[in-house]
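Student: target_8.cif is reproduced in full below (mmCIF, C-alpha atoms).
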```cif
data_upload
#
loop_
_atom_site.label_atom_id
_atom_site.label_comp_id
_atom_site.auth_asym_id
_atom_site.auth_seq_id
_atom_site.Cartn_x
_atom_site.Cartn_y
_atom_site.Cartn_z
CA MET A 249 -35.18 27.94 60.34
CA ASP A 250 -37.99 28.82 62.77
CA GLN A 251 -35.66 31.23 64.55
CA LEU A 252 -34.87 32.88 61.23
CA ARG A 253 -38.54 33.19 60.33
CA SER A 254 -39.34 34.79 63.68
CA GLU A 255 -36.45 37.25 63.31
CA LEU A 256 -37.67 38.14 59.83
CA ARG A 257 -41.20 38.58 61.15
CA ALA A 258 -39.87 40.94 63.84
CA LEU A 259 -38.10 42.99 61.19
CA LYS A 260 -41.24 43.09 59.05
CA ASN A 261 -43.33 44.31 62.00
CA ASP A 262 -40.72 46.99 62.56
CA HIS A 263 -41.07 48.23 58.95
CA LYS A 264 -41.47 51.99 58.70
CA GLN A 265 -42.79 53.48 55.49
CA ASP A 266 -40.51 56.14 53.99
CA SER A 267 -37.98 55.83 56.80
CA LYS A 268 -34.30 56.16 55.88
CA HIS A 269 -33.18 53.69 58.55
CA CYS A 270 -35.89 51.02 58.28
CA ARG A 271 -34.09 47.71 58.98
CA HIS A 272 -36.67 45.78 56.96
CA CYS A 273 -35.97 47.89 53.88
CA VAL A 274 -32.20 47.69 54.41
CA LEU A 275 -32.31 43.89 54.36
CA ARG A 276 -34.85 43.64 51.55
CA HIS A 277 -33.45 46.25 49.17
CA LYS A 278 -30.11 47.69 50.29
CA LYS A 279 -27.86 44.95 51.65
CA SER A 280 -25.66 43.45 48.89
CA LYS A 281 -23.57 40.32 49.03
CA LYS A 282 -21.82 41.16 45.80
CA ILE A 283 -22.06 44.09 43.45
CA THR A 284 -20.33 43.76 40.11
CA ASN A 285 -19.75 46.43 37.48
CA ILE A 286 -18.31 45.48 34.10
CA PHE A 287 -17.62 48.39 31.76
CA ILE A 288 -16.53 48.09 28.15
CA GLY A 289 -15.43 51.51 26.94
CA ASP A 290 -14.08 54.65 28.52
CA LEU A 291 -16.16 55.99 31.42
CA HIS A 292 -15.13 59.52 30.45
CA SER A 293 -17.27 59.24 27.32
CA VAL A 294 -20.49 58.95 29.34
CA THR A 295 -19.80 60.89 32.52
CA ASN A 296 -18.81 64.50 33.08
CA ASP A 297 -16.98 64.06 36.37
CA LEU A 298 -15.40 60.71 37.11
CA LYS A 299 -14.34 61.85 40.58
CA LYS A 300 -17.97 61.93 41.68
CA THR A 301 -18.31 58.22 40.89
CA ASP A 302 -16.99 55.16 42.75
CA PHE A 303 -14.77 54.17 39.83
CA ALA A 304 -11.98 56.77 39.84
CA ASP A 305 -9.57 54.18 41.33
CA LEU A 306 -9.85 52.11 38.15
CA TYR A 307 -8.01 54.90 36.35
CA ALA A 308 -5.13 55.01 38.85
CA LEU A 309 -2.99 52.86 36.52
CA ASP A 310 -3.58 55.15 33.56
CA VAL A 311 -5.66 52.47 31.92
CA CYS A 312 -6.65 54.53 28.87
CA SER A 313 -3.18 55.84 27.97
CA GLY A 314 -2.36 55.70 24.29
CA VAL A 315 -5.93 54.88 23.24
CA ASP A 316 -7.78 57.30 20.97
CA HIS A 317 -11.17 58.03 22.50
CA LYS A 318 -12.83 57.12 19.20
CA ASN A 319 -11.32 53.63 19.39
CA THR A 320 -12.63 52.83 22.85
CA GLY A 321 -15.56 50.53 23.42
CA PHE A 322 -16.60 47.27 21.85
CA SER A 323 -15.95 46.50 18.22
CA PHE A 324 -17.01 43.29 16.53
CA THR A 325 -16.08 42.57 12.93
CA ILE A 326 -17.10 39.73 10.66
CA GLN A 327 -14.29 39.62 8.16
CA LYS A 328 -14.94 38.61 4.59
CA MET A 329 -12.51 36.00 3.28
CA CYS A 330 -11.60 35.77 -0.37
CA GLN A 331 -9.53 32.75 -1.49
CA GLY A 332 -8.28 32.17 2.03
CA ARG A 333 -7.25 35.78 2.57
CA ALA A 334 -8.94 38.62 4.36
CA SER A 335 -10.68 40.88 1.89
CA LYS A 336 -10.34 44.62 2.43
CA HIS A 337 -13.99 45.19 1.50
CA GLY A 338 -17.25 43.75 2.70
CA ASP A 339 -16.50 43.48 6.43
CA VAL A 340 -19.48 43.84 8.74
CA THR A 341 -18.78 45.89 11.85
CA CYS A 342 -20.72 46.51 15.03
CA LYS A 343 -19.34 49.30 17.23
CA ILE A 344 -20.58 50.13 20.68
CA LEU A 345 -19.06 53.10 22.42
CA PHE A 346 -19.93 52.03 25.95
CA LEU A 347 -21.47 48.95 27.48
CA GLY A 348 -21.98 48.65 31.23
CA VAL A 349 -23.34 45.63 33.06
CA THR A 350 -24.24 46.10 36.72
CA GLU A 351 -25.25 43.10 38.81
CA ASP A 352 -26.35 43.37 42.42
CA ILE A 353 -26.79 40.17 44.40
CA GLY A 354 -28.30 40.57 47.84
CA VAL A 355 -30.08 38.43 50.38
CA PHE A 356 -33.42 38.51 48.57
CA LYS A 357 -32.45 40.14 45.27
CA HIS A 358 -30.51 39.49 42.11
CA ASN A 359 -30.85 42.65 40.03
CA THR A 360 -29.19 43.52 36.75
CA ILE A 361 -29.12 46.63 34.58
CA ILE A 362 -27.33 46.95 31.24
CA HIS A 363 -26.45 50.43 29.94
CA LEU A 364 -25.36 51.07 26.39
CA ALA A 365 -24.11 54.06 24.39
CA PRO A 366 -24.36 53.22 20.69
CA ARG A 367 -21.56 55.14 18.99
CA PHE A 368 -19.38 58.19 19.38
CA PRO A 369 -21.47 61.25 18.52
CA ASP A 370 -19.80 62.77 15.47
CA ARG A 371 -23.30 64.10 14.92
CA PRO A 372 -26.33 64.05 17.18
CA VAL A 373 -28.03 60.65 17.07
CA GLU A 374 -31.34 62.02 15.76
CA GLU A 375 -29.62 63.93 12.98
CA TYR A 376 -27.57 60.90 12.02
CA LEU A 377 -30.63 58.62 11.83
CA GLN A 378 -32.57 61.16 9.76
CA THR A 379 -29.84 61.68 7.17
CA ARG A 380 -29.21 57.95 6.96
CA ASP A 381 -32.91 57.24 6.37
CA SER A 382 -33.29 59.98 3.77
CA ASN A 383 -30.23 58.78 1.84
CA GLY A 384 -31.52 55.21 2.06
CA ASP A 385 -28.00 53.86 2.19
CA ALA A 386 -25.26 52.98 4.63
CA ASN A 387 -22.08 55.01 5.01
CA GLY A 388 -20.36 54.35 1.71
CA THR A 389 -19.01 50.81 1.51
CA GLU A 390 -19.06 50.18 5.26
CA ASN A 391 -21.46 47.49 6.43
CA LEU A 392 -22.72 48.52 9.84
CA LEU A 393 -24.72 46.66 12.44
CA GLU A 394 -26.37 49.23 14.73
CA ILE A 395 -28.36 48.90 17.93
CA TYR A 396 -30.34 51.78 19.45
CA PRO A 397 -32.25 51.15 22.70
CA SER A 398 -35.17 53.42 23.54
CA LEU A 399 -34.91 54.16 27.27
CA LEU A 400 -32.62 57.10 27.87
CA ALA A 401 -30.48 56.76 31.01
CA ASP A 402 -29.96 59.62 33.46
CA GLU A 403 -27.09 61.90 32.55
CA ASP A 404 -25.29 61.12 35.83
CA PHE A 405 -26.13 57.41 35.90
CA VAL A 406 -22.50 56.32 36.51
CA GLU A 407 -22.63 57.96 39.95
CA HIS A 408 -25.40 55.54 40.93
CA LEU A 409 -23.85 52.25 39.89
CA GLU A 410 -22.27 51.13 43.15
CA GLY A 411 -23.04 52.55 46.58
CA LYS A 412 -26.35 54.07 45.49
CA PHE A 413 -27.23 51.35 43.01
CA TRP A 414 -30.02 49.85 45.13
CA LYS A 415 -31.78 53.24 45.18
CA TYR A 416 -31.25 53.73 41.43
CA PHE A 417 -32.67 50.28 40.74
CA ARG A 418 -35.66 50.87 43.03
CA ASN A 419 -36.53 54.07 41.13
CA HIS A 420 -36.34 52.34 37.76
CA GLU A 421 -38.21 49.33 39.06
CA LYS A 422 -41.09 51.53 40.16
CA LYS A 423 -40.99 53.58 36.97
CA TYR A 424 -40.67 50.88 34.31
CA LEU A 425 -41.38 47.46 35.80
CA PHE A 426 -44.44 48.06 37.97
CA ASN A 427 -46.11 51.10 36.40
CA PRO A 428 -46.55 50.35 32.70
CA GLN A 429 -49.12 53.15 32.30
CA ASP A 430 -46.55 55.68 33.52
CA ASP A 431 -44.00 54.12 31.25
CA GLN A 432 -45.74 55.53 28.17
CA ALA A 433 -45.71 59.03 29.62
CA VAL A 434 -42.08 58.72 30.63
CA SER A 435 -40.94 57.46 27.24
CA SER A 436 -42.79 60.22 25.37
CA ALA A 437 -41.24 62.79 27.70
CA LEU A 438 -37.85 61.21 27.08
CA SER A 439 -38.23 61.23 23.31
CA LYS A 440 -38.91 64.97 23.45
CA GLU A 441 -35.88 65.33 25.65
CA VAL A 442 -33.66 63.46 23.17
CA SER A 443 -33.84 66.27 20.63
CA THR A 444 -32.24 68.70 23.08
CA ILE A 445 -29.93 66.29 24.88
CA SER A 446 -28.50 64.76 21.71
CA ARG A 447 -27.07 68.14 20.80
CA PHE A 448 -24.48 67.54 23.52
CA ARG A 449 -21.07 66.37 22.43
CA LYS A 450 -20.94 63.83 25.26
CA ALA A 451 -22.45 60.47 24.33
CA ARG A 452 -25.79 59.67 25.90
CA ALA A 453 -26.31 56.24 27.34
CA TYR A 454 -29.48 54.19 27.19
CA ILE A 455 -30.85 51.45 29.38
CA LEU A 456 -30.89 48.29 27.32
CA MET A 457 -32.12 45.86 29.94
CA ILE A 458 -33.57 45.82 33.46
CA HIS A 459 -33.85 42.47 35.21
CA LYS A 460 -35.33 42.01 38.67
CA GLN A 461 -35.05 38.58 40.17
CA ASN A 462 -36.18 37.57 43.65
CA ILE A 463 -34.31 34.89 45.57
CA LEU A 464 -35.20 32.92 48.72
CA LYS A 465 -38.84 33.28 47.71
CA ASP A 466 -40.11 31.00 50.49
CA LEU A 467 -38.80 33.39 53.12
CA LEU A 468 -39.75 36.44 51.09
CA LYS A 469 -43.42 35.36 51.21
CA ASP A 470 -43.58 36.26 54.89
CA PHE A 471 -41.12 39.12 54.71
CA GLU A 472 -42.37 41.31 51.86
CA SER A 473 -44.44 44.30 52.80
CA GLY A 474 -45.75 47.49 51.28
CA LYS A 475 -47.29 48.29 47.94
CA PHE A 476 -45.71 45.48 45.96
CA THR A 477 -46.60 42.57 48.26
CA ARG A 478 -48.52 40.79 45.53
CA GLU A 479 -45.55 41.04 43.20
CA LYS A 480 -43.16 39.36 45.63
CA GLY A 481 -42.69 36.08 43.76
CA LEU A 482 -42.43 37.58 40.32
CA ASN A 483 -39.29 38.17 38.34
CA ARG A 484 -39.35 40.95 35.77
CA LEU A 485 -37.27 41.43 32.65
CA LEU A 486 -37.50 44.48 30.43
CA VAL A 487 -35.53 44.87 27.20
CA ARG A 488 -36.39 47.89 25.09
CA ILE A 489 -34.76 48.43 21.71
CA ARG A 490 -35.74 51.17 19.35
CA GLU A 491 -33.83 49.90 16.35
CA ILE A 492 -31.54 47.09 15.20
CA SER A 493 -30.31 47.59 11.69
CA LEU A 494 -27.80 45.95 9.44
CA ASN A 495 -26.89 48.17 6.52
CA ILE A 496 -25.30 46.17 3.74
CA ALA A 497 -23.62 48.11 0.96
CA ALA A 498 -23.63 45.35 -1.67
CA THR A 499 -25.42 42.01 -2.18
CA LYS A 500 -22.15 40.10 -2.44
CA ASP A 501 -21.34 41.20 1.11
CA LEU A 502 -24.44 39.43 2.38
CA ALA A 503 -23.25 36.27 0.63
CA GLY A 504 -19.89 36.70 2.39
CA ILE A 505 -21.53 36.98 5.80
CA LEU A 506 -23.69 33.92 5.24
CA ASN A 507 -20.59 32.02 4.18
CA VAL A 508 -18.84 32.88 7.44
CA ILE A 509 -21.81 32.45 9.74
CA SER A 510 -23.63 29.37 8.49
CA PHE A 511 -21.48 27.17 6.31
CA LYS A 512 -18.39 26.56 8.41
CA PRO A 513 -19.97 25.43 11.69
CA VAL A 514 -22.12 22.96 9.78
CA PHE A 515 -19.01 21.74 8.01
CA LEU A 516 -17.02 21.42 11.25
CA ARG A 517 -19.79 19.66 13.14
CA SER A 518 -20.41 17.19 10.35
CA GLN A 519 -16.70 16.34 10.38
CA MET A 520 -16.75 15.73 14.11
CA PHE A 521 -19.91 13.68 13.77
CA LEU A 522 -18.35 11.41 11.13
CA ARG A 523 -15.42 10.58 13.42
CA MET B 225 -11.88 50.20 66.00
CA TYR B 226 -14.53 51.67 63.70
CA SER B 227 -18.06 52.21 64.88
CA LEU B 228 -20.97 51.30 62.65
CA ASP B 229 -21.90 54.97 62.29
CA ASP B 230 -18.44 55.70 60.92
CA LEU B 231 -18.90 53.03 58.31
CA ILE B 232 -22.22 54.33 57.02
CA THR B 233 -20.71 57.22 55.13
CA ASP B 234 -20.23 58.02 51.47
CA ASP B 235 -16.61 56.89 51.44
CA HIS B 236 -16.62 53.20 52.31
CA ASN B 237 -13.40 52.15 50.72
CA TYR B 238 -11.36 52.07 53.94
CA ALA B 239 -13.51 49.14 55.05
CA TYR B 240 -12.34 46.98 52.15
CA ASN B 241 -9.26 45.01 51.17
CA ARG B 242 -8.43 45.80 47.56
CA THR B 243 -7.01 43.52 44.88
CA SER B 244 -6.02 45.15 41.58
CA VAL B 245 -5.22 43.51 38.28
CA PHE B 246 -4.16 45.40 35.17
CA ALA B 247 -3.36 43.86 31.79
CA LYS B 248 -2.27 46.43 29.23
CA ASP B 249 -2.40 44.26 26.12
CA ILE B 250 -4.37 41.08 25.66
CA SER B 251 -4.37 39.71 22.15
CA ILE B 252 -5.01 36.57 20.16
CA VAL B 253 -3.36 36.51 16.75
CA GLU B 254 -4.14 33.91 14.13
CA LYS B 255 -1.53 33.12 11.50
CA GLN B 256 -2.23 31.14 8.37
CA CYS B 257 -0.34 27.85 8.00
CA SER B 258 0.15 28.39 4.27
CA ASP B 259 1.48 31.91 4.66
CA PRO B 260 2.58 32.99 8.18
CA THR B 261 2.94 36.58 7.05
CA ILE B 262 -0.85 36.76 6.79
CA GLN B 263 -2.23 37.23 10.26
CA THR B 264 -5.50 38.30 11.80
CA LYS B 265 -5.84 39.88 15.22
CA VAL B 266 -8.76 37.89 16.51
CA LEU B 267 -8.93 39.68 19.84
CA GLU B 268 -7.40 42.86 21.20
CA ALA B 269 -8.26 44.12 24.64
CA ARG B 270 -7.06 45.92 27.73
CA LEU B 271 -8.27 45.10 31.22
CA ALA B 272 -8.30 46.64 34.68
CA VAL B 273 -9.98 44.95 37.63
CA ASN B 274 -10.46 46.09 41.22
CA VAL B 275 -11.93 43.68 43.74
CA TYR B 276 -12.94 45.03 47.15
CA ASP B 277 -13.51 42.55 49.99
CA LEU B 278 -15.21 43.80 53.13
CA ILE B 279 -13.06 43.21 56.20
CA TYR B 280 -16.06 42.88 58.54
CA GLU B 281 -18.10 39.73 58.83
CA ASN B 282 -21.90 39.88 58.46
CA HIS B 283 -22.02 43.63 58.13
CA PRO B 284 -25.67 44.72 58.06
CA VAL B 285 -25.38 47.50 55.49
CA LEU B 286 -22.21 47.47 53.38
CA PRO B 287 -21.80 45.19 50.34
CA ASP B 288 -19.60 42.17 51.19
CA GLN B 289 -17.78 42.32 47.89
CA LYS B 290 -17.49 44.91 45.13
CA ILE B 291 -16.04 44.00 41.75
CA GLN B 292 -15.16 46.69 39.20
CA VAL B 293 -14.01 45.65 35.74
CA LEU B 294 -12.95 48.17 33.12
CA ILE B 295 -12.20 47.09 29.56
CA PRO B 296 -11.36 50.34 27.73
CA TYR B 297 -11.46 48.59 24.37
CA VAL B 298 -12.15 45.14 23.03
CA ARG B 299 -11.97 44.33 19.34
CA VAL B 300 -13.10 40.97 18.05
CA THR B 301 -12.60 39.87 14.45
CA LEU B 302 -14.36 36.80 13.19
CA ASN B 303 -13.46 34.99 9.98
CA HIS B 304 -14.06 31.47 8.75
CA HIS B 305 -11.00 30.03 10.49
CA LEU B 306 -12.37 30.78 13.89
CA PHE B 307 -15.07 28.22 14.46
CA LEU B 308 -12.66 25.91 16.20
CA LEU B 309 -12.24 28.73 18.73
CA ILE B 310 -16.01 28.99 19.11
CA GLU B 311 -16.22 25.24 19.76
CA MET B 312 -13.54 25.68 22.45
CA VAL B 313 -15.46 28.52 24.07
CA GLU B 314 -18.56 26.32 24.10
CA ILE B 315 -16.60 23.52 25.79
CA PHE B 316 -15.16 25.88 28.43
CA SER B 317 -18.54 27.44 29.16
CA ALA B 318 -20.02 23.95 29.60
CA LEU B 319 -17.20 23.06 32.02
CA SER B 320 -17.67 26.22 34.07
CA ARG B 321 -21.28 25.25 34.81
CA GLU B 322 -20.06 22.24 36.79
CA VAL B 323 -17.67 24.17 39.05
CA PRO B 324 -18.95 23.88 42.67
CA LYS B 325 -19.97 27.04 44.49
CA LYS B 326 -17.41 28.75 46.70
CA ASP B 327 -17.61 27.85 50.36
CA ILE B 328 -18.82 31.11 51.90
CA GLU B 329 -18.22 29.97 55.47
CA SER B 330 -14.54 29.17 54.99
CA LYS B 331 -13.99 32.61 53.47
CA ALA B 332 -15.87 34.32 56.28
CA ASN B 333 -13.64 32.63 58.90
CA ILE B 334 -10.57 34.43 57.61
CA ARG B 335 -12.12 37.85 58.11
CA PRO B 336 -11.88 39.61 61.46
CA GLN B 337 -14.97 39.71 63.62
CA PHE B 338 -16.89 43.00 63.62
CA ILE B 339 -17.43 44.23 67.15
CA ALA B 340 -20.26 46.69 67.62
CA SER B 341 -20.73 49.07 70.51
CA ASP B 342 -23.87 49.08 72.70
CA ARG B 343 -25.43 52.08 70.99
CA GLN B 344 -25.62 50.04 67.84
CA GLY B 345 -28.02 47.62 69.47
CA LYS B 346 -30.68 48.36 66.88
CA GLN B 347 -28.45 46.99 64.14
CA ASN B 348 -27.72 43.79 66.06
CA VAL B 349 -30.98 42.11 65.03
CA LEU B 350 -30.20 42.87 61.40
CA ARG B 351 -26.67 41.52 61.74
CA LYS B 352 -28.03 38.36 63.35
CA VAL B 353 -30.47 37.81 60.49
CA VAL B 354 -27.75 38.36 57.89
CA LYS B 355 -25.58 35.83 59.74
CA LEU B 356 -28.39 33.28 59.83
CA LEU B 357 -29.06 33.78 56.14
CA TYR B 358 -25.39 33.37 55.27
CA SER B 359 -24.96 30.29 57.44
CA GLY B 360 -27.13 28.44 54.94
CA SER B 361 -30.04 27.70 57.23
CA ALA B 362 -32.25 29.69 54.86
CA GLU B 363 -31.68 27.17 52.11
CA GLU B 364 -32.72 24.17 54.20
#
```
Go ahead and express the file in the form of structure tokens.
Tutor:
Amino acid sequence: MDQLRSELRALKNDHKQDSKHCRHCVLRHKKSKKITNIFIGDLHSVTNDLKKTDFADLYALDVCSGVDHKNTGFSFTIQKMCQGRASKHGDVTCKILFLGVTEDIGVFKHNTIIHLAPRFPDRPVEEYLQTRDSNGDANGTENLLEIYPSLLADEDFVEHLEGKFWKYFRNHEKKYLFNPQDDQAVSSALSKEVSTISRFRKARAYILMIHKQNILKDLLKDFESGKFTREKGLNRLLVRIREISLNIAATKDLAGILNVISFKPVFLRSQMFLR
Amino acid sequence: MYSLDDLITDDHNYAYNRTSVFAKDISIVEKQCSDPTIQTKVLEARLAVNVYDLIYENHPVLPDQKIQVLIPYVRVTLNHHLFLLIEMVEIFSALSREVPKKDIESKANIRPQFIASDRQGKQNVLRKVVKLLYSGSAEE
């Protein structure tokens, strides 16, 4: 243990600010034990050129053949039952076009970012939200659960999710986790940007969650250097959502949902309890 | 034999063993006892997984393992017959918490040793620290 501490101290003393090959920074921020990317949805819907990313090999087996691009992603339906049969009306659906979870576990880090693209852009998001609000109703008889985060992701974010992920995370960490005063400026700049970007046919992804977790904190105490030394022991979690809405077309549908969600588990558990 | 400089490039994939898994159709279908013709597709999904394992032990820069999972679509339908399934999921998730951690050392022994040339002396300290950290002495 003492040997390890002295080696770490040597690396810390060798730290060079803004150097590409600083061994201290490599061990603190770059080196990964395991980097995991889980994508739900088609990567083509959020990136212009898949060949530029590290994930082109995933498509070697023609993984999206026979799937309509509008049916990709995550779909969750609460089905309304009527006299033991599925009713055609009153289902509640939540559709997410793309969900990406990236987890990077290193020697001193355990970082996670979740990206999300809400729905396929038949219309620009802003336009859709405006018309929906002015009509004051959901789309016909469809009950929709919608989630819209507020932090817009970079247009080429998929290119940064593996080999360059540590750098991508460092940028976002500085921007959103440690500089809250800049955060306001960034988000206002982004909201202006949305009006132009959302005109694109390609879906835009948002950052739903950023989680920075430090591990081996005892060793990190002596190893951390630079601007964020005081922050070394702190974990940070940021979840930013602009809107969560459940649009219910009819009151009876709400009764159907409550029936599915609340009554049955209580019933099942009470049965198990009685045994 | 690859030198360390060769490995620090944009294309790292030749330094990894790859395991691929592809499942074209995964589905759970629920039929009603009273009328088997009535059925609900509880889950429909497709899955592709690539796992990359680094062939070099204690490499100072490259990630030791990269996991890529692509699920082009997943559709879940919930109705009031499904809470037994939810109870099962709860039981399985509780069980998975008790699974012991993988023995990192035994896995590392299988991999070939990375031999660095003299001009990579600067990276040796880093490699040594990574090795010490992985050997578990950091958690003492």
Student: The PyMOL selection byres ((chain A) within 7 of (chain B)) - which residues does that actually catch in the file I just gave you? List them as a ChimeraX atom specification.
Tutor: /A:249,252,255,271,274,279-290,306,311-312,320-329,508,512-513
Student: Do you have the CA of Arg321 in chain B-CA of Leu464 in chain A distance handy?
Tutor: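 Separating CA of Arg321 in chain B from CA of Leu464 in chain A is a distance of 21.1 Å.
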Student: CA of Leu259 in chain A and CA of Asp466 in chain A, how far apart in Å?
Tutor: 16.2 Å
Student: Would you mind listing what lies within 9 Å of Glu410 in chain A as a list in words, with all atoms listed in the file counted and same-chain residues fewer than 2 positions away left out?
Tutor: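 The residues that qualify are Ile283, Thr284, Asn285, Thr301, Asp302, Phe303, Thr350, Asp352, Val406, Glu407, His408, Lys412, Phe413 and Trp414 of chain A; Lys290 of chain B.
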Student: How would you write, as a ChimeraX atom specification, the residues chosen by the PyMOL selection byres ((chain A and resi 256) around 10) on this structure?
Tutor: /A:250-255,257-262,272,275,467-468,470-472 /B:349-350,353
Student: Build an axis-aligned box that encloses every atom of range 296-311 of chain A listed in the file, pad it by 4 Å on each side, and report its centre and edge lengths in Å to one decimal, as AutoDock Vina command-line options.
Tutor:
```
--center_x -10.9 --center_y 58.3 --center_z 37.3 --size_x 23.8 --size_y 20.4 --size_z 18.8
```
Student: Compare A:Ala401, A:Leu486, A:Gln265, A:Lys300 by their minimum atom-to-atom distance to Ile458 in chain A, counting all atoms listed in the file, and give me the closest one.
Tutor: A:Leu486
Student: Could you tell me which of A:Thr360, A:Asn495, A:Asn319, A:Gln461 comes closest to Leu392 in chain A if we count only C-alpha atoms?
Tutor: A:Asn495
Student: Separation of CA of Leu425 in chain A and CA of Phe346 in chain A, in Å?
Tutor: 24.0 Å
Student: With 8 Å as the threshold, what does the neighbourhood of (-24.5, 46.9, 6.2) contain in terms of residues, counting only C-alpha atoms? Coordinates are those of the file; answer as an NGL selection string.
Tutor: :A and (340 or 386 or 390-393 or 494-497)
Student: Identify, on the basis of only C-alpha atoms, every residue whose closest approach to Ile455 in chain A does not exceed 8 Å; exclude the query and any residue fewer than 6 positions from it along the same chain; express the result as a ChimeraX atom specification.
Tutor: /A:361-364,397-401,488
